[in-house]
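**Q** Data: my_file.tsv, TSV, C-alpha atoms.
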```
chain	number	residue	atom	x	y	z
A	1	MET	CA	-11.68	-29.00	-0.80
A	2	PRO	CA	-10.47	-25.38	-0.61
A	3	ALA	CA	-10.61	-23.24	-3.74
A	4	GLY	CA	-6.84	-22.81	-3.46
A	5	ASN	CA	-4.00	-22.03	-1.09
A	6	VAL	CA	-2.88	-18.47	-0.40
A	7	VAL	CA	0.05	-17.42	1.77
A	8	LEU	CA	-0.02	-13.95	3.33
A	9	ALA	CA	3.36	-12.78	4.60
A	10	GLY	CA	3.26	-9.92	7.08
A	11	GLY	CA	-0.49	-9.82	6.64
A	12	THR	CA	-1.55	-8.84	10.17
A	13	GLY	CA	-2.34	-5.19	9.40
A	14	PHE	CA	-5.64	-3.86	8.10
A	15	ILE	CA	-4.82	-4.73	4.46
A	16	GLY	CA	-3.76	-8.26	5.34
A	17	ASN	CA	-6.83	-8.83	7.51
A	18	TYR	CA	-9.07	-7.59	4.70
A	19	PHE	CA	-7.37	-9.90	2.19
A	20	ARG	CA	-7.58	-12.89	4.55
A	21	GLU	CA	-11.30	-12.38	5.14
A	22	ARG	CA	-12.01	-11.94	1.41
A	23	TYR	CA	-10.04	-15.04	0.39
A	24	GLU	CA	-11.57	-17.17	3.14
A	25	ALA	CA	-15.05	-15.98	2.10
A	26	GLU	CA	-14.25	-17.27	-1.39
A	27	GLY	CA	-13.28	-20.68	-0.02
A	28	TYR	CA	-9.49	-20.36	-0.04
A	29	GLU	CA	-7.20	-21.75	2.62
A	30	VAL	CA	-5.03	-18.91	3.95
A	31	ALA	CA	-1.72	-19.39	5.77
A	32	MET	CA	-0.01	-16.51	7.56
A	33	ILE	CA	3.69	-15.76	8.02
A	34	SER	CA	4.32	-13.29	10.84
A	35	ARG	CA	5.77	-12.95	14.32
A	36	ARG	CA	2.40	-13.49	15.99
A	37	PRO	CA	1.57	-16.71	17.86
A	38	GLY	CA	-0.30	-19.25	15.77
A	39	HIS	CA	1.32	-18.16	12.50
A	40	VAL	CA	4.36	-19.49	10.68
A	41	SER	CA	7.28	-17.61	12.22
A	42	TRP	CA	9.76	-15.57	10.18
A	43	ASP	CA	12.46	-17.42	12.14
A	44	ASP	CA	11.20	-20.81	10.95
A	45	ARG	CA	12.79	-21.05	7.51
A	46	GLU	CA	11.91	-24.72	7.05
A	47	GLY	CA	8.32	-23.95	8.05
A	48	ILE	CA	8.17	-21.16	5.48
A	49	VAL	CA	9.38	-23.51	2.74
A	50	ARG	CA	6.75	-26.10	3.74
A	51	THR	CA	4.04	-23.43	3.75
A	52	LEU	CA	4.99	-22.09	0.33
A	53	ASN	CA	5.44	-25.50	-1.27
A	54	GLY	CA	2.31	-26.23	-3.30
A	55	ALA	CA	0.69	-22.84	-2.62
A	56	ASP	CA	-1.08	-21.07	-5.46
A	57	LEU	CA	-0.16	-17.54	-4.43
A	58	LEU	CA	2.19	-15.65	-2.12
A	59	ILE	CA	1.34	-12.05	-1.18
A	60	ASN	CA	4.04	-10.26	0.78
A	61	LEU	CA	2.82	-7.27	2.79
A	62	ALA	CA	5.64	-7.26	5.35
A	63	GLY	CA	7.16	-3.96	6.41
A	64	ARG	CA	7.43	-1.83	9.54
A	65	SER	CA	5.06	1.14	9.58
A	66	VAL	CA	6.51	4.39	8.22
A	67	ASN	CA	4.28	6.36	10.59
A	68	CYS	CA	7.17	7.26	12.89
A	69	ARG	CA	10.12	9.64	13.22
A	70	TYR	CA	12.90	8.79	10.81
A	71	GLY	CA	15.67	8.44	13.35
A	72	GLU	CA	18.58	6.09	12.64
A	73	LYS	CA	17.06	3.10	14.44
A	74	ASN	CA	13.67	3.47	12.78
A	75	ARG	CA	15.28	3.95	9.37
A	76	GLU	CA	17.19	0.71	9.78
A	77	GLU	CA	14.06	-1.17	10.88
A	78	ILE	CA	11.94	0.24	8.04
A	79	LEU	CA	14.52	-0.85	5.45
A	80	ARG	CA	15.37	-4.20	6.99
A	81	SER	CA	11.75	-5.21	7.56
A	82	ARG	CA	11.17	-4.93	3.82
A	83	THR	CA	14.37	-6.14	2.20
A	84	GLU	CA	15.22	-9.01	4.55
A	85	THR	CA	11.73	-10.52	4.50
A	86	THR	CA	11.59	-10.24	0.72
A	87	ALA	CA	14.98	-11.95	0.41
A	88	LEU	CA	13.93	-14.70	2.82
A	89	LEU	CA	10.79	-15.41	0.80
A	90	GLY	CA	12.69	-15.49	-2.47
A	91	GLU	CA	15.17	-17.99	-1.06
A	92	ALA	CA	12.32	-20.11	0.33
A	93	ILE	CA	10.57	-20.18	-3.04
A	94	GLY	CA	13.83	-21.32	-4.62
A	95	ALA	CA	13.93	-24.22	-2.17
A	96	CYS	CA	10.39	-25.40	-3.03
A	97	GLY	CA	9.84	-28.46	-5.17
A	98	GLU	CA	6.42	-27.05	-6.13
A	99	PRO	CA	6.77	-23.26	-5.76
A	100	PRO	CA	3.86	-20.80	-5.86
A	101	ARG	CA	2.79	-19.89	-9.37
A	102	LEU	CA	2.58	-16.19	-8.46
A	103	TRP	CA	4.45	-13.98	-5.99
A	104	ILE	CA	2.99	-10.51	-5.45
A	105	ASN	CA	5.24	-8.22	-3.45
A	106	SER	CA	4.31	-4.86	-1.98
A	107	SER	CA	6.11	-1.77	-3.14
A	108	THR	CA	5.11	1.87	-2.78
A	109	ALA	CA	4.00	4.76	-4.96
A	110	THR	CA	6.33	6.91	-2.85
A	111	ILE	CA	9.12	5.70	-5.14
A	112	TYR	CA	8.24	8.54	-7.53
A	113	ARG	CA	9.37	12.12	-7.01
A	114	HIS	CA	7.30	14.91	-5.46
A	115	ALA	CA	5.11	15.86	-8.42
A	116	GLU	CA	2.83	18.87	-8.79
A	117	ASP	CA	3.52	19.33	-12.52
A	118	ARG	CA	2.46	16.01	-14.05
A	119	PRO	CA	1.38	12.47	-13.12
A	120	MET	CA	3.76	9.51	-12.83
A	121	THR	CA	3.13	6.25	-14.69
A	122	GLU	CA	5.14	3.04	-14.81
A	123	GLU	CA	6.65	4.00	-18.17
A	124	ASP	CA	7.49	7.68	-17.71
A	125	GLY	CA	7.46	8.20	-13.94
A	126	GLU	CA	10.57	9.79	-12.47
A	127	ILE	CA	12.11	8.08	-9.47
A	128	GLY	CA	12.62	10.54	-6.60
A	129	SER	CA	15.30	10.92	-3.95
A	130	GLY	CA	15.53	10.77	-0.19
A	131	PHE	CA	15.09	8.12	2.47
A	132	SER	CA	11.63	6.85	1.50
A	133	VAL	CA	12.62	6.53	-2.15
A	134	ASP	CA	15.85	4.73	-1.23
A	135	VAL	CA	13.80	2.21	0.77
A	136	ALA	CA	11.41	1.69	-2.14
A	137	LYS	CA	14.25	1.11	-4.60
A	138	ALA	CA	16.03	-1.33	-2.27
A	139	TRP	CA	12.74	-3.16	-1.71
A	140	GLU	CA	12.14	-3.66	-5.43
A	141	ASP	CA	15.79	-4.57	-6.01
A	142	ALA	CA	15.51	-7.27	-3.34
A	143	PHE	CA	12.42	-8.63	-5.09
A	144	PHE	CA	13.53	-8.57	-8.71
A	145	ARG	CA	17.02	-9.93	-8.08
A	146	PHE	CA	15.36	-13.35	-7.92
A	147	ARG	CA	14.90	-15.22	-11.18
A	148	LEU	CA	12.29	-17.88	-10.48
A	149	PRO	CA	11.36	-19.79	-13.63
A	150	LYS	CA	8.22	-21.38	-12.12
A	151	THR	CA	6.98	-18.30	-10.24
A	152	ARG	CA	5.59	-15.17	-11.87
A	153	GLN	CA	6.58	-11.98	-10.04
A	154	VAL	CA	4.54	-8.76	-9.71
A	155	ALA	CA	5.43	-5.69	-7.62
A	156	LEU	CA	2.54	-3.39	-6.73
A	157	ARG	CA	3.49	0.25	-6.18
A	158	ILE	CA	0.66	0.87	-3.77
A	159	ALA	CA	-0.75	4.34	-3.14
A	160	ILE	CA	-2.31	5.33	0.19
A	161	VAL	CA	-4.86	2.64	0.98
A	162	LEU	CA	-8.28	3.71	2.24
A	163	GLY	CA	-10.58	1.36	4.11
A	164	PRO	CA	-13.05	1.27	6.99
A	165	GLU	CA	-10.60	-0.35	9.41
A	166	GLY	CA	-7.17	1.07	10.19
A	167	GLY	CA	-4.82	2.82	7.80
A	168	VAL	CA	-4.88	6.60	7.34
A	169	MET	CA	-8.65	6.93	7.64
A	170	THR	CA	-8.65	6.96	11.44
A	171	PRO	CA	-6.37	10.00	11.88
A	172	TYR	CA	-8.02	11.85	8.98
A	173	VAL	CA	-11.49	11.22	10.38
A	174	ASN	CA	-10.38	12.39	13.81
A	175	LEU	CA	-8.93	15.60	12.35
A	176	VAL	CA	-12.20	16.42	10.63
A	177	ARG	CA	-14.37	15.56	13.62
A	178	PHE	CA	-12.31	17.81	15.90
A	179	GLY	CA	-12.58	20.73	13.48
A	180	LEU	CA	-9.06	20.42	12.06
A	181	GLY	CA	-10.00	19.12	8.63
A	182	GLY	CA	-8.81	22.08	6.60
A	183	VAL	CA	-6.06	22.37	4.00
A	184	GLN	CA	-2.69	20.97	5.04
A	185	GLY	CA	0.36	22.90	3.86
A	186	THR	CA	-0.33	24.59	0.52
A	187	GLY	CA	-3.15	22.18	-0.30
A	188	ARG	CA	-1.73	21.77	-3.81
A	189	GLN	CA	0.05	18.49	-3.12
A	190	MET	CA	-1.56	15.56	-4.90
A	191	PHE	CA	-3.11	12.69	-2.98
A	192	SER	CA	-2.95	9.34	-4.76
A	193	TRP	CA	-5.11	6.72	-3.09
A	194	ILE	CA	-6.85	3.38	-3.55
A	195	HIS	CA	-9.80	1.69	-1.86
A	196	VAL	CA	-8.74	-1.54	-0.15
A	197	GLU	CA	-11.42	-3.44	-2.10
A	198	ASP	CA	-9.91	-2.32	-5.40
A	199	LEU	CA	-6.46	-3.32	-4.14
A	200	PHE	CA	-7.84	-6.80	-3.48
A	201	ARG	CA	-9.47	-6.83	-6.91
A	202	ILE	CA	-6.14	-5.85	-8.52
A	203	VAL	CA	-4.53	-8.87	-6.88
A	204	ARG	CA	-7.32	-11.09	-8.22
A	205	PHE	CA	-6.95	-9.52	-11.67
A	206	VAL	CA	-3.21	-10.18	-11.73
A	207	GLU	CA	-3.89	-13.75	-10.58
A	208	SER	CA	-6.20	-14.30	-13.54
A	209	ARG	CA	-3.70	-13.06	-16.12
A	210	ASP	CA	-0.71	-15.35	-16.57
A	211	ASP	CA	0.79	-12.89	-19.05
A	212	LEU	CA	1.24	-10.09	-16.49
A	213	SER	CA	4.45	-9.52	-14.55
A	214	GLY	CA	6.72	-6.68	-13.44
A	215	VAL	CA	5.68	-3.37	-11.88
A	216	PHE	CA	2.14	-2.00	-11.60
A	217	ASN	CA	0.93	1.22	-10.02
A	218	ALA	CA	-1.86	0.26	-7.62
A	219	SER	CA	-3.57	3.62	-7.45
A	220	ALA	CA	-7.05	4.90	-8.29
A	221	PRO	CA	-7.32	6.67	-11.67
A	222	GLU	CA	-8.45	10.02	-10.21
A	223	PRO	CA	-6.04	11.41	-7.60
A	224	VAL	CA	-7.01	14.70	-5.99
A	225	THR	CA	-5.28	17.65	-4.35
A	226	ASN	CA	-5.03	17.82	-0.59
A	227	ARG	CA	-7.51	20.69	-0.68
A	228	GLU	CA	-10.06	18.51	-2.51
A	229	LEU	CA	-9.33	15.53	-0.24
A	230	MET	CA	-10.14	17.52	2.89
A	231	ARG	CA	-13.26	19.06	1.30
A	232	LEU	CA	-14.60	15.63	0.39
A	233	LEU	CA	-13.78	14.26	3.83
A	234	ARG	CA	-15.62	17.12	5.53
A	235	ARG	CA	-18.63	16.57	3.28
A	236	ALA	CA	-18.65	12.82	3.89
A	237	LEU	CA	-18.55	13.40	7.65
A	238	GLY	CA	-21.07	16.23	7.67
A	239	ARG	CA	-18.61	18.96	8.71
A	240	ARG	CA	-18.89	22.29	6.91
A	241	VAL	CA	-15.59	23.86	7.98
A	242	GLY	CA	-12.15	22.81	9.17
A	243	LEU	CA	-9.15	24.77	10.37
A	244	PRO	CA	-6.15	24.74	8.01
A	245	ALA	CA	-2.67	23.65	9.08
A	246	LYS	CA	0.39	25.51	7.79
A	247	ARG	CA	3.65	23.67	7.23
A	248	TRP	CA	5.20	24.96	10.47
A	249	MET	CA	2.16	23.76	12.39
A	250	LEU	CA	2.45	20.33	10.82
A	251	GLU	CA	6.14	20.18	11.73
A	252	ILE	CA	5.34	20.83	15.39
A	253	GLY	CA	2.44	18.38	15.35
A	254	ALA	CA	4.53	15.68	13.67
A	255	TRP	CA	7.21	16.05	16.33
A	256	PHE	CA	4.68	15.58	19.14
A	257	LEU	CA	2.98	12.67	17.34
A	258	ARG	CA	6.36	11.04	16.58
A	259	THR	CA	5.77	10.98	12.83
A	260	GLU	CA	6.98	12.82	9.69
A	261	THR	CA	5.31	15.58	7.67
A	262	GLU	CA	6.33	13.83	4.44
A	263	LEU	CA	3.32	11.55	4.90
A	264	VAL	CA	1.06	14.58	4.40
A	265	LEU	CA	3.12	17.06	2.38
A	266	LYS	CA	4.70	14.92	-0.35
A	267	SER	CA	2.81	15.27	-3.61
A	268	ARG	CA	2.09	11.75	-4.87
A	269	TRP	CA	0.60	12.04	-8.36
A	270	VAL	CA	0.42	8.47	-9.62
A	271	LEU	CA	-1.71	6.92	-12.35
A	272	PRO	CA	-2.40	3.18	-12.95
A	273	ALA	CA	-1.49	3.27	-16.64
A	274	ARG	CA	-0.63	-0.44	-17.02
A	275	LEU	CA	-3.74	-1.65	-15.21
A	276	ARG	CA	-6.01	0.54	-17.31
A	277	ARG	CA	-4.29	-0.55	-20.50
A	278	GLU	CA	-4.73	-4.21	-19.56
A	279	GLY	CA	-8.44	-3.71	-18.98
A	280	PHE	CA	-8.77	-3.47	-15.21
A	281	GLU	CA	-11.89	-1.57	-14.14
A	282	PHE	CA	-11.95	0.19	-10.79
A	283	ARG	CA	-14.99	-0.13	-8.56
A	284	TYR	CA	-14.01	3.04	-6.71
A	285	GLY	CA	-12.51	5.37	-9.29
A	286	LYS	CA	-13.70	8.58	-7.62
A	287	LEU	CA	-12.71	9.57	-4.11
A	288	GLU	CA	-16.20	10.71	-3.13
A	289	ASP	CA	-17.55	7.21	-3.87
A	290	ALA	CA	-14.77	5.57	-1.87
A	291	LEU	CA	-15.30	7.87	1.11
A	292	SER	CA	-19.06	7.36	1.06
A	293	ASP	CA	-18.59	3.60	1.21
A	294	ILE	CA	-15.94	3.79	3.94
A	295	VAL	CA	-17.86	6.20	6.17
A	296	ALA	CA	-21.05	4.15	5.81
A	297	THR	CA	-19.15	0.98	6.75
A	298	ARG	CA	-17.50	2.60	9.77
A	299	GLU	CA	-20.76	3.89	11.21
```
Output the structure of this file as structure tokens.

**A**
Amino acid sequence: MPAGNVVLAGGTGFIGNYFRERYEAEGYEVAMISRRPGHVSWDDREGIVRTLNGADLLINLAGRSVNCRYGEKNREEILRSRTETTALLGEAIGACGEPPRLWINSSTATIYRHAEDRPMTEEDGEIGSGFSVDVAKAWEDAFFRFRLPKTRQVALRIAIVLGPEGGVMTPYVNLVRFGLGGVQGTGRQMFSWIHVEDLFRIVRFVESRDDLSGVFNASAPEPVTNRELMRLLRRALGRRVGLPAKRWMLEIGAWFLRTETELVLKSRWVLPARLRREGFEFRYGKLEDALSDIVATRE
């Protein structure tokens, strides 16, 4: 008999693959909802209801990558891929005779404003403005508009996730290895991050606590400046120096790479106040420890 049933929605990226492997290693049966062959299709509403019915946990990671230019078409896809899938899942849970006991939905730490003056917590963080923030707010609105008496709901405002496979580590590692791992922009912008293993452990922690619901910042307790981030990356990869990149250089590079400088230049200064208060202990609280583990795993 499996230890339990977990449903991963949109879990085909590096975070979802990590979660699937960890849950399966612990003896859980994992079902996937995605557009890939062999998974429950987003177009199969009845299949989604059947998959969710009797499940212990639903984790929704669905959402088009924001690593692109924010043209009108991409903006629409980024928003729709988050809000429509969240709404579909909420409706499916409502149709279940035995709904999941817990629904964890992704959100983003980008919901807070650019902050170089003070950190943002769940209680006193200031919501920002602009496209990315509008998406984050609409995403959470789509999630919390559901009132599901048998299903506990938790939204994780996830910081930049670091892990050995995929995510932002690949481009950062390539920058450093090609001698471009210097300060980006002013270097003062804050970098809030979390190791993918701690993100998984946060999910398990929330699972174990029936009294927890609402919004949690899923971010390591010690964010760093961009300057410190690049220094630690160079040290972890054995590179003594790296060329800096001014804002105008990043703008040109972002245009050629079909991405946005916001991903590098926005100051995300986020603290996991609720998690710490509830007793969660991070395995990777310091960036140097996280990078050492990740680099060792990649090599």

**Q** Report, in Å to a single decimal, how far apart CA of Phe282 (chain A) and CA of Leu162 (chain A) are.

**A**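 Distance reported for this atom pair: 14.0 Å.
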
**Q** Measuring between only C-alpha atoms, which one of A:Ala25, A:Phe131, A:Glu84, A:Thr121 shows the shortest distance to Gly71 (chain A)?

**A**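 Counting only C-alpha atoms, the residue closest to Gly71 (chain A) is A:Phe131.
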
**Q** Which one of A:Phe200, A:Phe216, A:Phe178, A:Phe205 sits closest to Arg239 (chain A) if you count only C-alpha atoms?

**A**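 Counting only C-alpha atoms, the residue closest to Arg239 (chain A) is A:Phe178.
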
**Q** Counting all atoms listed in the file, which of A:Asp198, A:Ala136, A:Val224, A:Leu89 gets nearest to Val66 (chain A)?

**A** A:Ala136

**Q** Put the listed atoms of region 148-163 of chain A in a box along x, y and z with 8 Å added on every side and give me the centre and edge lengths in Å to one decimal, as JSON.

**A**
```
{"center_x": 0.9, "center_y": -8.0, "center_z": -4.8, "size_x": 38.9, "size_y": 42.7, "size_z": 33.7}
```

**Q** In Å, how far is it from CA of Lys246 (chain A) to CA of Val183 (chain A)?

**A**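 A separation of 8.1 Å between them.
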
**Q** Can you pull out every residue within 7 Å of Ala155 (chain A), counting only C-alpha atoms, but drop anything in the same chain fewer than 6 positions away, and send it as a list in words?

**A** Ile104, Asn105, Ser106, Ser107, Gly214, Val215 and Phe216 of chain A

**Q** Store the residues of this selection in a file with C-alpha atoms, as a compact mmCIF listing (two decimals), in the coordinates of the input.

**A**
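Just written: result_2.txt:
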```
# COMPACT_ATOMS: atom_id res chain seq x y z
CA ILE A 104 2.99 -10.51 -5.45
CA ASN A 105 5.24 -8.22 -3.45
CA SER A 106 4.31 -4.86 -1.98
CA SER A 107 6.11 -1.77 -3.14
CA GLY A 214 6.72 -6.68 -13.44
CA VAL A 215 5.68 -3.37 -11.88
CA PHE A 216 2.14 -2.00 -11.60
```

**Q** List the neighbours of Gly130 (chain A) out to 12 Å using only C-alpha atoms; skip same-chain residues closer than 3 positions along the sequence, and give me the result as a list in words.

**A**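 My reading of the contact set: Tyr70, Arg75, Thr110, Ile111, Tyr112, Arg113, His114, Ile127, Val133, Asp134, Val135, Ala136, Lys137, Glu262 and Lys266 of chain A.
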
**Q** Dump as JSON lines the rows for residues of region 42-94 of chain A within 9 Å of region 10-21 of chain A: closest atom pair and distance in Å with one decimal, all atoms listed in the file counted, ordered by chain and rising residue number.

**A**
```
{"residue": "A:Ile59", "atom": "CA", "partner": "A:Gly11", "partner_atom": "CA", "distance": 8.3}
{"residue": "A:Asn60", "atom": "CA", "partner": "A:Gly10", "partner_atom": "CA", "distance": 6.4}
{"residue": "A:Leu61", "atom": "CA", "partner": "A:Gly10", "partner_atom": "CA", "distance": 5.1}
{"residue": "A:Ala62", "atom": "CA", "partner": "A:Gly10", "partner_atom": "CA", "distance": 4.0}
{"residue": "A:Gly63", "atom": "CA", "partner": "A:Gly10", "partner_atom": "CA", "distance": 7.2}
{"residue": "A:Thr85", "atom": "CA", "partner": "A:Gly10", "partner_atom": "CA", "distance": 8.9}
```

**Q** So that I can check the surroundings of region 32-46 of chain A, please list as a PyMOL selection string every protein, DNA and RNA residue that reaches within 7 Å of it, counting only C-alpha atoms and ignoring chain neighbours fewer than 3 positions away.

**A** chain A and resi 7-11+49-50

**Q** Provide the CA of Arg69 (chain A) to CA of Glu222 (chain A) distance in Å, to one decimal place.

**A**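 Distance between the two atoms: 29.9 Å.
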
**Q** Select, from A:Gly185, A:Gly4, A:Gly47, A:Pro119, the residue with the minimum atom-to-atom distance to Ile93 (chain A), counting all atoms listed in the file.

**A** A:Gly47

**Q** I'd like the neighbourhood of Asp289 (chain A) as a ChimeraX atom specification, where a residue qualifies if any of its atoms comes within 12 Å (using all atoms listed in the file), though same-chain residues fewer than 4 positions away should be ignored.

**A** /A:162,194-195,220,222,232-233,235-236,282-285,293-296

**Q** My list of candidates is A:Leu237, A:Ala290, A:Leu79, A:Val206. Which is closest to Glu278 (chain A) when distances are computed with all atoms listed in the file?

**A**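 Closest to Glu278 (chain A) of all the choices is A:Val206.
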
**Q** For the point (-2.8, 1.6, -15.9) in file coordinates, what residues are within 12 Å, counting all atoms listed in the file? Give the answer as a list in words?

**A** Pro119, Met120, Thr121, Glu122, Glu123, Leu156, Arg157, Ile202, Val215, Phe216, Asn217, Ala218, Ser219, Ala220, Pro221, Glu222, Val270, Leu271, Pro272, Ala273, Arg274, Leu275, Arg276, Arg277, Glu278, Gly279, Phe280, Glu281 and Phe282 of chain A

**Q** What would the file look like if the residues just selected were written as a PDB file, in the frame of the given file with C-alpha atoms?

**A**
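Saved as result.pdb:
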```
ATOM      1  CA  PRO A 119       1.380  12.470 -13.120  1.00  0.00           C
ATOM      2  CA  MET A 120       3.760   9.510 -12.830  1.00  0.00           C
ATOM      3  CA  THR A 121       3.130   6.250 -14.690  1.00  0.00           C
ATOM      4  CA  GLU A 122       5.140   3.040 -14.810  1.00  0.00           C
ATOM      5  CA  GLU A 123       6.650   4.000 -18.170  1.00  0.00           C
ATOM      6  CA  LEU A 156       2.540  -3.390  -6.730  1.00  0.00           C
ATOM      7  CA  ARG A 157       3.490   0.250  -6.180  1.00  0.00           C
ATOM      8  CA  ILE A 202      -6.140  -5.850  -8.520  1.00  0.00           C
ATOM      9  CA  VAL A 215       5.680  -3.370 -11.880  1.00  0.00           C
ATOM     10  CA  PHE A 216       2.140  -2.000 -11.600  1.00  0.00           C
ATOM     11  CA  ASN A 217       0.930   1.220 -10.020  1.00  0.00           C
ATOM     12  CA  ALA A 218      -1.860   0.260  -7.620  1.00  0.00           C
ATOM     13  CA  SER A 219      -3.570   3.620  -7.450  1.00  0.00           C
ATOM     14  CA  ALA A 220      -7.050   4.900  -8.290  1.00  0.00           C
ATOM     15  CA  PRO A 221      -7.320   6.670 -11.670  1.00  0.00           C
ATOM     16  CA  GLU A 222      -8.450  10.020 -10.210  1.00  0.00           C
ATOM     17  CA  VAL A 270       0.420   8.470  -9.620  1.00  0.00           C
ATOM     18  CA  LEU A 271      -1.710   6.920 -12.350  1.00  0.00           C
ATOM     19  CA  PRO A 272      -2.400   3.180 -12.950  1.00  0.00           C
ATOM     20  CA  ALA A 273      -1.490   3.270 -16.640  1.00  0.00           C
ATOM     21  CA  ARG A 274      -0.630  -0.440 -17.020  1.00  0.00           C
ATOM     22  CA  LEU A 275      -3.740  -1.650 -15.210  1.00  0.00           C
ATOM     23  CA  ARG A 276      -6.010   0.540 -17.310  1.00  0.00           C
ATOM     24  CA  ARG A 277      -4.290  -0.550 -20.500  1.00  0.00           C
ATOM     25  CA  GLU A 278      -4.730  -4.210 -19.560  1.00  0.00           C
ATOM     26  CA  GLY A 279      -8.440  -3.710 -18.980  1.00  0.00           C
ATOM     27  CA  PHE A 280      -8.770  -3.470 -15.210  1.00  0.00           C
ATOM     28  CA  GLU A 281     -11.890  -1.570 -14.140  1.00  0.00           C
ATOM     29  CA  PHE A 282     -11.950   0.190 -10.790  1.00  0.00           C
TER      30      PHE A 282
END
```

**Q** Ranking A:Met230, A:Cys96, A:Ile48, A:Leu57 by minimum distance to Gln184 (chain A) and counting all atoms listed in the file, which one comes first?

**A**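 Answer, going by the shortest atom-to-atom distance: A:Met230.
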